[in-house]
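Okay, structure first, notes after.
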Number of protein chains: 2
Amino acid sequence: MKEFQLIECYFNHRGPTRRDVKLSIGDDCALVQPAENKSIAISCDTLVENVHFFPDIPPQALGYKALAVNLSDLAAMGAEPAWMTLALTLPEVNETWLSGFSEGLFEAADYYGIALIGGDTTRGPRAINITVHGQVPQGKALTRHGAKAGDWIYVTGTLGDSALGLDLIRCVQHARAEHKEFLINRHYRPTPRVLAGQSLRSLASSAIDLSDGFISDIGHILKASKVGAVVDVGAIPLSRAMQDTVSEEHALGYALTGGEDYELLFTVPEAQKGALETALSHAGTKFVRVGQICAGSKLKLQLNGELFTPPYHGFEHF
Amino acid sequence: MKEFQLIECYFNHRGPTRRDVKLSIGDDCALVQPAENKSIAISCDTLVENVHFFPDIPPQALGYKALAVNLSDLAAMGAEPAWMTLALTLPEVNETWLSGFSEGLFEAADYYGIALIGGDTTRGPRAINITVHGQVPQGKALTRHGAKAGDWIYVTGTLGDSALGLDLIRCVQHARAEHKEFLINRHYRPTPRVLAGQSLRSLASSAIDLSDGFISDIGHILKASKVGAVVDVGAIPLSRAMQDTVSEEHALGYALTGGEDYELLFTVPEAQKGALETALSHAGTKFVRVGQICAGSKLKLQLNGELFTPPYHGFEHF
């Protein structure tokens with residue numbers, strides 16, 4: 001099967017149709033027409049087999065997740081998903097795999113309204129590279145560098161589920177059947193907080209998505225914003241499944257240092273606290289306050305008023 | 001060495017500074033501000049070790065070429081290079097390699113004015129994925145589907161040098177020292193015809209860059225435009241180095257089916273032939289007429305008025 005037929009078969013003319021896509025797959029470049037007075041947010045992520053995923057991941061989950069983690073970056077900027085390119089490196093042309101992968105990919109693409117406009121298919125060790133493009137009104141993008149002393153720190157959803165889910169897949173942990181499905185789903189099919197991110201545009205002073213783990217990711221905000229933070233570890237949101245499956249100490253380990261939750265961490269000035277409730281309730285996303293930005297550069301974790309030392313470290317690719 | 005330090009060290013704050021880049025490497029996404037009334041051309045290409053390049057390619061050449069082949073796609077659309085992302089998958093952190101690779105990459109980036117705005121670094125089998133973005137006035141992009149019967153077919157530069165250069169590197173062919181350097185250079189450091197592509201915006205009815213080989217690539221234009229073509233193989237431009245190194249038959253084999261020349265193939269209506277001379281002389285790019293578009297769907301190759309059968313086949317990734 002030739003490269004061009006392969007692309008035609010599984011990826012061409014699928015996903016949402018957007019009027020701002022003037023030319024899609026099939027030429028030297030795609031052509032898109034950005035909206036007036038919008039900035040374009042661009043991000044790319046590579047998932048490599050045996051590094052970011054194991055060979056036994058269901059192809060449908062991989063397709064969904066490969067896009068979801070990129071959409072999460074758009075969410076963290078408050079950008080609206082628009083266009084993506086897909087570079088797929090595959091050891092062989094396996095039609096069952098391609099069918100499952102593309103099904104998962106387009107499930108996410110359709111839901112979040114992002115059009116596949118181009119790509120590249122190559123023979124080689126399995127890897128997926130997606131570059132996403134989103135639009136955000138000029139000057140309204142959320143960044144990592146706007147947090148100020150006194151701002152409140154929030155996170156969406158519950159933390160640590162994805163890392164615990166991965167340990168369940170690896171059989172390093174065990175959970176009751178109903179929790180197991182939920183937790184594995186949190187690992188395989190993370191929910192990018194796209195609407196929540198857009199709702200935060202005029203409210204949050206900074207934002208980031210939780211991909212490397214809470215401690216590692218809040219560190220990026222503190223460094224970029226040149227501030228410190230005090231976090232009440234007892235306020236970190238834990239799922240019922242997490243609490244039923246492991247001890248509190250282990251739960252906090254997963255929640256603080258386990259990666260791939262793809263929840264949002266954001267800071268909000270005191271003056272915007274009220275508006276925040278209204279905005280995020282429209283997006284239907286749960287969120288909770290976990291701490292406060294302060295002067296300095298250090299992250300101070302507290303539990304019941306005492307200094308808290310987390311049990312693990314964050315995830316680094318190298 | 002941690003991923004973030006690695007990126008910081010070799011890729012951050014290098015390359016041209018552009019005023020339309022509002023936020024570069026270091027946040028969840030980059031932010032760019034497209035010019036008014038412009039479309040954005042987007043293309044991505046992956047180069048995988050042992051598929052697109054051999055492990056012995058000098059890292060500087062690889063860095064240059066990885067960007068050049070993407071710029072060639074922008075050239076084929078008549079787009080002006082603007083922004084790029086780089087996803088680098090590396091088996092280990094080798095500072096000599098990274099230093100050479102980034103030097104080659106930024107040499108091309110500086111020359112063509114394209115800013116590196118984001119990326120991703122991953123451990124794994126060596127692969128380079130670049131997504132480029134260019135700008136083109138609305139409705140002025142060159143595509144593959146505009147060729148009409150009667151249009152003249154042109155190519156820039158000389159063809160086949162890159163494939164012969166690769167055979168010299170592999171020691172399958174031998175050449176005189178002065179030709180050897182030229183030909184290997186044509187393989188390692190192709191010249192994307194960026195200015196020529198922009199000059200063709202209001203003149204050419206279709207365009208493509210020659211990456212897979214002349215026969216394969218003109219086939220894309222014929223299919224997309226629903227036309228046929230007659231090509232005079234004797235008019236295909238061959239370099240002095242090519243002519244001095246191999247027989248005419250072999251030279252035509254390289255020129256017609258060898259890939260990676262990254263010259264432009266384009267069609268021009270009779271009415272624009274005069275304007276073409278003026279436009280491309282400004283860009284300083286040599287070009288020659290090699291045939292004419294006709295009705296039908298077939299490619300007819302002629303040499304001295306007789307039907308010509310090419311000795312090899314085009315390159316397919318799968």
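Convention: chains lettered A, B, ... in structure tokens order; per-chain residue numbering from 1; ligands numbered from 1 as shown.
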Quiz prompt | helix (DSSP H, G or I) residues, from DSSP on the backbone, in range 142-278 of chain B, as a PyMOL selection string | solution = chain B and resi 161-169+177-188+194-199+214-225+233-235+240-245+248-257+270-278
Sort by chain and increasing residue number a table of all residues of chain A within 6 Å of chain B, each with its closest pair of atoms and their distance in Å to one decimal, counting only C-alpha atoms, and write it as JSON lines.
```
{"residue": "A:Lys2", "atom": "CA", "partner": "B:Phe318", "partner_atom": "CA", "distance": 5.2}
{"residue": "A:Glu3", "atom": "CA", "partner": "B:Phe318", "partner_atom": "CA", "distance": 5.2}
{"residue": "A:Asp28", "atom": "CA", "partner": "B:Asp73", "partner_atom": "CA", "distance": 5.1}
{"residue": "A:Cys29", "atom": "CA", "partner": "B:Ser43", "partner_atom": "CA", "distance": 4.7}
{"residue": "A:Ala30", "atom": "CA", "partner": "B:Ile42", "partner_atom": "CA", "distance": 5.2}
{"residue": "A:Leu31", "atom": "CA", "partner": "B:Ala41", "partner_atom": "CA", "distance": 4.6}
{"residue": "A:Val32", "atom": "CA", "partner": "B:Ile40", "partner_atom": "CA", "distance": 5.3}
{"residue": "A:Gln33", "atom": "CA", "partner": "B:Ser39", "partner_atom": "CA", "distance": 4.9}
{"residue": "A:Ser39", "atom": "CA", "partner": "B:Gln33", "partner_atom": "CA", "distance": 4.9}
{"residue": "A:Ile40", "atom": "CA", "partner": "B:Val32", "partner_atom": "CA", "distance": 5.3}
{"residue": "A:Ala41", "atom": "CA", "partner": "B:Leu31", "partner_atom": "CA", "distance": 4.6}
{"residue": "A:Ile42", "atom": "CA", "partner": "B:Cys29", "partner_atom": "CA", "distance": 5.1}
{"residue": "A:Ser43", "atom": "CA", "partner": "B:Cys29", "partner_atom": "CA", "distance": 4.7}
{"residue": "A:Cys44", "atom": "CA", "partner": "B:Gly119", "partner_atom": "CA", "distance": 5.9}
{"residue": "A:Asp45", "atom": "CA", "partner": "B:Asp120", "partner_atom": "CA", "distance": 5.8}
{"residue": "A:Asp73", "atom": "CA", "partner": "B:Asp28", "partner_atom": "CA", "distance": 5.1}
{"residue": "A:Gly119", "atom": "CA", "partner": "B:Cys44", "partner_atom": "CA", "distance": 5.9}
{"residue": "A:Asp120", "atom": "CA", "partner": "B:Asp45", "partner_atom": "CA", "distance": 5.8}
{"residue": "A:Phe318", "atom": "CA", "partner": "B:Lys2", "partner_atom": "CA", "distance": 5.2}
```
Atoms kept (all heavy atoms) for selection, written as a short mmCIF file (atom, residue, chain, number, x, y, z; two decimals), in the first residue's frame:
```cif
data_model
loop_
_atom_site.label_atom_id
_atom_site.label_comp_id
_atom_site.auth_asym_id
_atom_site.auth_seq_id
_atom_site.Cartn_x
_atom_site.Cartn_y
_atom_site.Cartn_z
N LYS A 2 0.60 2.15 -0.92
CA LYS A 2 1.44 3.33 -1.03
C LYS A 2 1.05 4.41 -0.03
O LYS A 2 -0.09 4.50 0.38
CB LYS A 2 1.35 3.88 -2.45
CG LYS A 2 1.98 2.93 -3.47
CD LYS A 2 1.94 3.52 -4.86
CE LYS A 2 2.71 2.62 -5.82
NZ LYS A 2 2.74 3.20 -7.15
N GLU A 3 2.03 5.23 0.31
CA GLU A 3 1.81 6.29 1.30
C GLU A 3 0.57 7.12 0.99
O GLU A 3 -0.26 7.38 1.85
CB GLU A 3 3.04 7.20 1.36
CG GLU A 3 2.86 8.37 2.33
CD GLU A 3 3.99 9.38 2.23
OE1 GLU A 3 4.74 9.38 1.24
OE2 GLU A 3 4.10 10.19 3.15
N ASP A 28 1.15 21.10 -1.57
CA ASP A 28 2.42 21.23 -0.86
C ASP A 28 2.22 21.77 0.55
O ASP A 28 2.94 21.42 1.47
CB ASP A 28 3.37 22.14 -1.65
CG ASP A 28 3.84 21.46 -2.93
OD1 ASP A 28 4.55 20.46 -2.81
OD2 ASP A 28 3.45 21.89 -4.02
N CYS A 29 1.25 22.67 0.69
CA CYS A 29 0.89 23.20 2.00
C CYS A 29 -0.64 23.21 2.10
O CYS A 29 -1.32 23.15 1.09
CB CYS A 29 1.35 24.65 2.16
SG CYS A 29 3.13 24.91 2.15
N ALA A 30 -1.13 23.32 3.32
CA ALA A 30 -2.54 23.65 3.52
C ALA A 30 -2.63 25.17 3.57
O ALA A 30 -1.63 25.86 3.82
CB ALA A 30 -3.02 23.06 4.83
N LEU A 31 -3.83 25.70 3.31
CA LEU A 31 -4.04 27.15 3.40
C LEU A 31 -5.21 27.42 4.33
O LEU A 31 -6.29 26.86 4.16
CB LEU A 31 -4.39 27.73 2.03
CG LEU A 31 -3.25 27.92 1.03
CD1 LEU A 31 -3.82 28.33 -0.31
CD2 LEU A 31 -2.25 28.96 1.54
N VAL A 32 -4.98 28.27 5.32
CA VAL A 32 -6.06 28.64 6.23
C VAL A 32 -6.17 30.16 6.29
O VAL A 32 -5.21 30.88 6.03
CB VAL A 32 -5.83 28.08 7.65
CG1 VAL A 32 -5.78 26.56 7.63
CG2 VAL A 32 -4.56 28.65 8.28
N GLN A 33 -7.37 30.62 6.63
CA GLN A 33 -7.65 32.06 6.68
C GLN A 33 -7.98 32.45 8.12
O GLN A 33 -9.07 32.21 8.59
CB GLN A 33 -8.85 32.35 5.77
CG GLN A 33 -9.05 33.81 5.49
CD GLN A 33 -7.80 34.42 4.90
OE1 GLN A 33 -7.28 33.95 3.90
NE2 GLN A 33 -7.28 35.45 5.54
N SER A 39 -5.03 36.32 17.50
CA SER A 39 -3.69 35.74 17.46
C SER A 39 -3.84 34.24 17.25
O SER A 39 -4.89 33.66 17.52
CB SER A 39 -2.96 35.98 18.78
OG SER A 39 -2.70 37.34 18.96
N ILE A 40 -2.77 33.63 16.76
CA ILE A 40 -2.80 32.18 16.58
C ILE A 40 -1.88 31.55 17.61
O ILE A 40 -0.71 31.94 17.75
CB ILE A 40 -2.36 31.80 15.16
CG1 ILE A 40 -3.33 32.45 14.17
CG2 ILE A 40 -2.36 30.29 14.98
CD1 ILE A 40 -3.00 32.17 12.74
N ALA A 41 -2.42 30.60 18.36
CA ALA A 41 -1.64 29.83 19.34
C ALA A 41 -1.22 28.53 18.66
O ALA A 41 -2.04 27.86 18.03
CB ALA A 41 -2.48 29.54 20.57
N ILE A 42 0.06 28.19 18.75
CA ILE A 42 0.61 27.02 18.07
C ILE A 42 1.39 26.17 19.07
O ILE A 42 2.17 26.69 19.85
CB ILE A 42 1.55 27.45 16.91
CG1 ILE A 42 0.81 28.36 15.93
CG2 ILE A 42 2.11 26.22 16.19
CD1 ILE A 42 1.69 28.96 14.84
N SER A 43 1.16 24.87 19.03
CA SER A 43 1.88 23.98 19.93
C SER A 43 2.09 22.63 19.26
O SER A 43 1.25 22.20 18.47
CB SER A 43 1.09 23.80 21.23
OG SER A 43 1.79 22.93 22.09
N CYS A 44 3.19 21.97 19.54
CA CYS A 44 3.36 20.62 19.00
C CYS A 44 3.87 19.67 20.07
O CYS A 44 4.57 20.05 21.01
CB CYS A 44 4.26 20.61 17.78
SG CYS A 44 5.99 20.82 18.09
N ASP A 45 3.48 18.43 19.95
CA ASP A 45 3.85 17.38 20.89
C ASP A 45 4.11 16.09 20.13
O ASP A 45 3.36 15.75 19.22
CB ASP A 45 2.71 17.12 21.88
CG ASP A 45 2.99 17.74 23.23
OD1 ASP A 45 4.08 17.51 23.77
OD2 ASP A 45 2.11 18.45 23.73
N ASP A 73 -2.89 22.01 25.55
CA ASP A 73 -2.01 23.18 25.45
C ASP A 73 -2.77 24.40 24.95
O ASP A 73 -2.53 25.53 25.40
CB ASP A 73 -0.82 22.88 24.52
CG ASP A 73 0.24 22.02 25.19
OD1 ASP A 73 0.54 22.28 26.37
OD2 ASP A 73 0.76 21.10 24.54
N GLY A 119 -0.27 16.73 6.74
CA GLY A 119 0.51 15.79 7.51
C GLY A 119 1.53 15.10 6.67
O GLY A 119 1.81 15.48 5.54
N ASP A 120 2.05 14.05 7.24
CA ASP A 120 3.17 13.37 6.64
C ASP A 120 3.16 11.96 7.23
O ASP A 120 2.94 11.78 8.42
CB ASP A 120 4.44 14.11 7.05
CG ASP A 120 5.66 13.59 6.34
OD1 ASP A 120 5.53 13.12 5.20
OD2 ASP A 120 6.76 13.64 6.93
N PHE A 318 14.14 13.68 29.65
CA PHE A 318 15.56 13.31 29.60
C PHE A 318 16.11 13.20 31.02
O PHE A 318 15.86 14.07 31.85
CB PHE A 318 16.38 14.36 28.81
CG PHE A 318 16.30 14.14 27.34
CD1 PHE A 318 15.36 14.84 26.59
CD2 PHE A 318 17.10 13.22 26.71
CE1 PHE A 318 15.27 14.64 25.24
CE2 PHE A 318 17.02 13.02 25.35
CZ PHE A 318 16.10 13.72 24.61
#
```
When you look at range 171-174 of chain B with a cut-off of 12 Å (counting only C-alpha atoms), what residues show up, excluding the ones that are within fewer than 4 positions of it in the same chain? I need them as a CSV table (one decimal) with N, CA and C atoms, in the first residue's frame.
```csv
chain,number,residue,atom,x,y,z
B,163,ALA,N,20.2,13.2,-6.3
B,163,ALA,CA,20.2,11.7,-6.3
B,163,ALA,C,21.6,11.2,-6.7
B,164,LEU,N,22.2,11.9,-7.7
B,164,LEU,CA,23.6,11.5,-8.0
B,164,LEU,C,24.5,11.8,-6.8
B,165,GLY,N,24.3,13.0,-6.1
B,165,GLY,CA,25.1,13.3,-5.0
B,165,GLY,C,25.0,12.2,-3.9
B,166,LEU,N,23.8,11.7,-3.7
B,166,LEU,CA,23.6,10.6,-2.7
B,166,LEU,C,24.3,9.4,-3.1
B,167,ASP,N,24.3,9.0,-4.4
B,167,ASP,CA,25.1,7.9,-4.9
B,167,ASP,C,26.6,8.1,-4.7
B,178,GLU,N,36.1,18.2,-8.1
B,178,GLU,CA,35.3,19.5,-8.1
B,178,GLU,C,33.8,19.3,-8.3
B,179,HIS,N,33.4,18.3,-9.1
B,179,HIS,CA,32.0,17.9,-9.3
B,179,HIS,C,31.5,17.2,-8.1
B,180,LYS,N,32.3,16.4,-7.4
B,180,LYS,CA,31.8,15.7,-6.3
B,180,LYS,C,31.3,16.6,-5.2
B,181,GLU,N,32.1,17.7,-4.9
B,181,GLU,CA,31.7,18.6,-3.9
B,181,GLU,C,30.3,19.3,-4.2
B,183,LEU,N,28.0,18.2,-6.2
B,183,LEU,CA,26.8,17.2,-6.2
B,183,LEU,C,26.4,16.8,-4.8
B,184,ILE,N,27.4,16.6,-4.0
B,184,ILE,CA,27.1,16.2,-2.6
B,184,ILE,C,26.4,17.4,-1.9
B,241,ALA,N,28.2,19.2,-13.9
B,241,ALA,CA,28.8,18.1,-13.1
B,241,ALA,C,28.1,16.8,-13.5
B,242,MET,N,26.8,16.8,-13.6
B,242,MET,CA,26.0,15.6,-14.0
B,242,MET,C,26.5,15.1,-15.4
B,244,ASP,N,29.2,15.6,-17.0
B,244,ASP,CA,30.6,15.1,-17.0
B,244,ASP,C,30.8,13.8,-16.2
B,245,THR,N,29.8,13.4,-15.4
B,245,THR,CA,30.0,12.3,-14.5
B,245,THR,C,29.3,11.0,-15.0
B,246,VAL,N,28.2,11.1,-15.6
B,246,VAL,CA,27.5,9.9,-16.1
B,246,VAL,C,27.0,10.0,-17.5
B,247,SER,N,26.6,8.9,-18.1
B,247,SER,CA,26.1,8.9,-19.5
B,247,SER,C,24.8,9.7,-19.6
B,250,HIS,N,21.9,7.7,-18.1
B,250,HIS,CA,21.9,7.7,-16.6
B,250,HIS,C,21.5,9.1,-16.1
```
Exercise. Taking the chain letters and numbering used in this document, name the residues of range 72-311 of chain A that DSSP puts in strand (DSSP E or B), as a ChimeraX atom specification.
Key: /A:80-90,115-123,127-137,152-156,206-209,228-232,264-268,287-294,299-303,306-307
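Taking CA of Gly197 in chain A and CA of Val268 in chain A as the two end points, the separation is 12.8 Å.
For Gly157 in chain A, the list of residues within 10 Å, based on only C-alpha atoms and with local chain neighbours fewer than 5 positions off taken out, reads A:Thr191, A:Arg193, A:Ile236, A:Pro237, A:Leu238, A:Ser239, A:Asp261, A:Tyr262, A:Glu263, A:Leu264, A:Leu265, A:Thr285, A:Lys286, A:Phe287, A:Val288.
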Since we have the selection now, will you write its residues out, keeping N, CA, C and O atoms, as a PDB file, in the first residue's frame?
```pdb
ATOM      1  N   THR A 191      -9.376  14.577  29.448  1.00  0.00           N
ATOM      2  CA  THR A 191     -10.287  15.609  28.935  1.00  0.00           C
ATOM      3  C   THR A 191      -9.564  16.940  28.876  1.00  0.00           C
ATOM      4  O   THR A 191      -9.261  17.523  29.911  1.00  0.00           O
ATOM      5  N   ARG A 193      -9.279  20.755  28.874  1.00  0.00           N
ATOM      6  CA  ARG A 193     -10.236  21.717  29.443  1.00  0.00           C
ATOM      7  C   ARG A 193     -10.401  22.924  28.529  1.00  0.00           C
ATOM      8  O   ARG A 193     -10.141  24.077  28.920  1.00  0.00           O
ATOM      9  N   ILE A 236      -5.878  19.768  47.665  1.00  0.00           N
ATOM     10  CA  ILE A 236      -5.722  19.170  46.319  1.00  0.00           C
ATOM     11  C   ILE A 236      -6.875  18.194  46.070  1.00  0.00           C
ATOM     12  O   ILE A 236      -7.115  17.302  46.882  1.00  0.00           O
ATOM     13  N   PRO A 237      -7.611  18.376  44.973  1.00  0.00           N
ATOM     14  CA  PRO A 237      -8.792  17.532  44.732  1.00  0.00           C
ATOM     15  C   PRO A 237      -8.424  16.100  44.328  1.00  0.00           C
ATOM     16  O   PRO A 237      -7.648  15.891  43.410  1.00  0.00           O
ATOM     17  N   LEU A 238      -8.980  15.139  45.069  1.00  0.00           N
ATOM     18  CA  LEU A 238      -8.737  13.718  44.804  1.00  0.00           C
ATOM     19  C   LEU A 238     -10.058  13.046  44.439  1.00  0.00           C
ATOM     20  O   LEU A 238     -11.081  13.323  45.055  1.00  0.00           O
ATOM     21  N   SER A 239     -10.022  12.175  43.461  1.00  0.00           N
ATOM     22  CA  SER A 239     -11.258  11.480  43.071  1.00  0.00           C
ATOM     23  C   SER A 239     -11.631  10.437  44.129  1.00  0.00           C
ATOM     24  O   SER A 239     -10.779   9.976  44.894  1.00  0.00           O
ATOM     25  N   ASP A 261      -2.324  14.540  33.871  1.00  0.00           N
ATOM     26  CA  ASP A 261      -3.724  14.770  34.237  1.00  0.00           C
ATOM     27  C   ASP A 261      -4.423  15.667  33.223  1.00  0.00           C
ATOM     28  O   ASP A 261      -5.626  15.561  33.027  1.00  0.00           O
ATOM     29  N   TYR A 262      -3.679  16.571  32.610  1.00  0.00           N
ATOM     30  CA  TYR A 262      -4.229  17.518  31.632  1.00  0.00           C
ATOM     31  C   TYR A 262      -5.395  18.328  32.189  1.00  0.00           C
ATOM     32  O   TYR A 262      -6.296  18.720  31.472  1.00  0.00           O
ATOM     33  N   GLU A 263      -5.348  18.557  33.512  1.00  0.00           N
ATOM     34  CA  GLU A 263      -6.227  19.548  34.128  1.00  0.00           C
ATOM     35  C   GLU A 263      -5.541  20.904  33.995  1.00  0.00           C
ATOM     36  O   GLU A 263      -4.362  20.982  33.636  1.00  0.00           O
ATOM     37  N   LEU A 264      -6.281  21.978  34.260  1.00  0.00           N
ATOM     38  CA  LEU A 264      -5.673  23.309  34.239  1.00  0.00           C
ATOM     39  C   LEU A 264      -5.300  23.751  35.647  1.00  0.00           C
ATOM     40  O   LEU A 264      -6.026  23.507  36.602  1.00  0.00           O
ATOM     41  N   LEU A 265      -4.157  24.392  35.756  1.00  0.00           N
ATOM     42  CA  LEU A 265      -3.727  25.082  36.973  1.00  0.00           C
ATOM     43  C   LEU A 265      -3.707  26.555  36.601  1.00  0.00           C
ATOM     44  O   LEU A 265      -3.122  26.917  35.582  1.00  0.00           O
ATOM     45  N   THR A 285     -17.103  22.957  34.341  1.00  0.00           N
ATOM     46  CA  THR A 285     -15.879  22.325  34.837  1.00  0.00           C
ATOM     47  C   THR A 285     -15.739  22.597  36.340  1.00  0.00           C
ATOM     48  O   THR A 285     -15.839  23.732  36.785  1.00  0.00           O
ATOM     49  N   LYS A 286     -15.509  21.522  37.117  1.00  0.00           N
ATOM     50  CA  LYS A 286     -15.274  21.685  38.549  1.00  0.00           C
ATOM     51  C   LYS A 286     -13.873  22.233  38.778  1.00  0.00           C
ATOM     52  O   LYS A 286     -12.944  21.907  38.042  1.00  0.00           O
ATOM     53  N   PHE A 287     -13.736  23.073  39.809  1.00  0.00           N
ATOM     54  CA  PHE A 287     -12.417  23.630  40.113  1.00  0.00           C
ATOM     55  C   PHE A 287     -12.361  23.900  41.604  1.00  0.00           C
ATOM     56  O   PHE A 287     -13.399  24.029  42.258  1.00  0.00           O
ATOM     57  N   VAL A 288     -11.151  23.984  42.135  1.00  0.00           N
ATOM     58  CA  VAL A 288     -11.014  24.192  43.573  1.00  0.00           C
ATOM     59  C   VAL A 288      -9.760  25.016  43.849  1.00  0.00           C
ATOM     60  O   VAL A 288      -8.777  24.941  43.103  1.00  0.00           O
TER      61      VAL A 288
END
```
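You can rank A:Thr309, A:Thr267, A:Thr158, A:Val227 by their closest distance to Gln243 in chain A using only C-alpha atoms, and at the top of that list sits A:Thr158.
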Quiz item: Counting only C-alpha atoms, what is within 9 Å of Leu203 in chain A, bar same-chain residues fewer than 4 positions away, as a list of chain:residue names?
Solution: A:Ser199, A:Thr267, A:Val268, A:Pro269, A:Gln272, A:Lys273, A:Ala275, A:Leu276, A:Ala279
Quiz prompt | Distance criterion (only C-alpha atoms): nearest to Arg289 in chain A out of A:Gly160, A:Gly234, A:Pro55, A:Gly146 | solution = A:Gly234
Quiz item: CA of Ser202 in chain A to CA of Lys226 in chain A: how many Å, to one decimal?
Solution: 21.1 Å
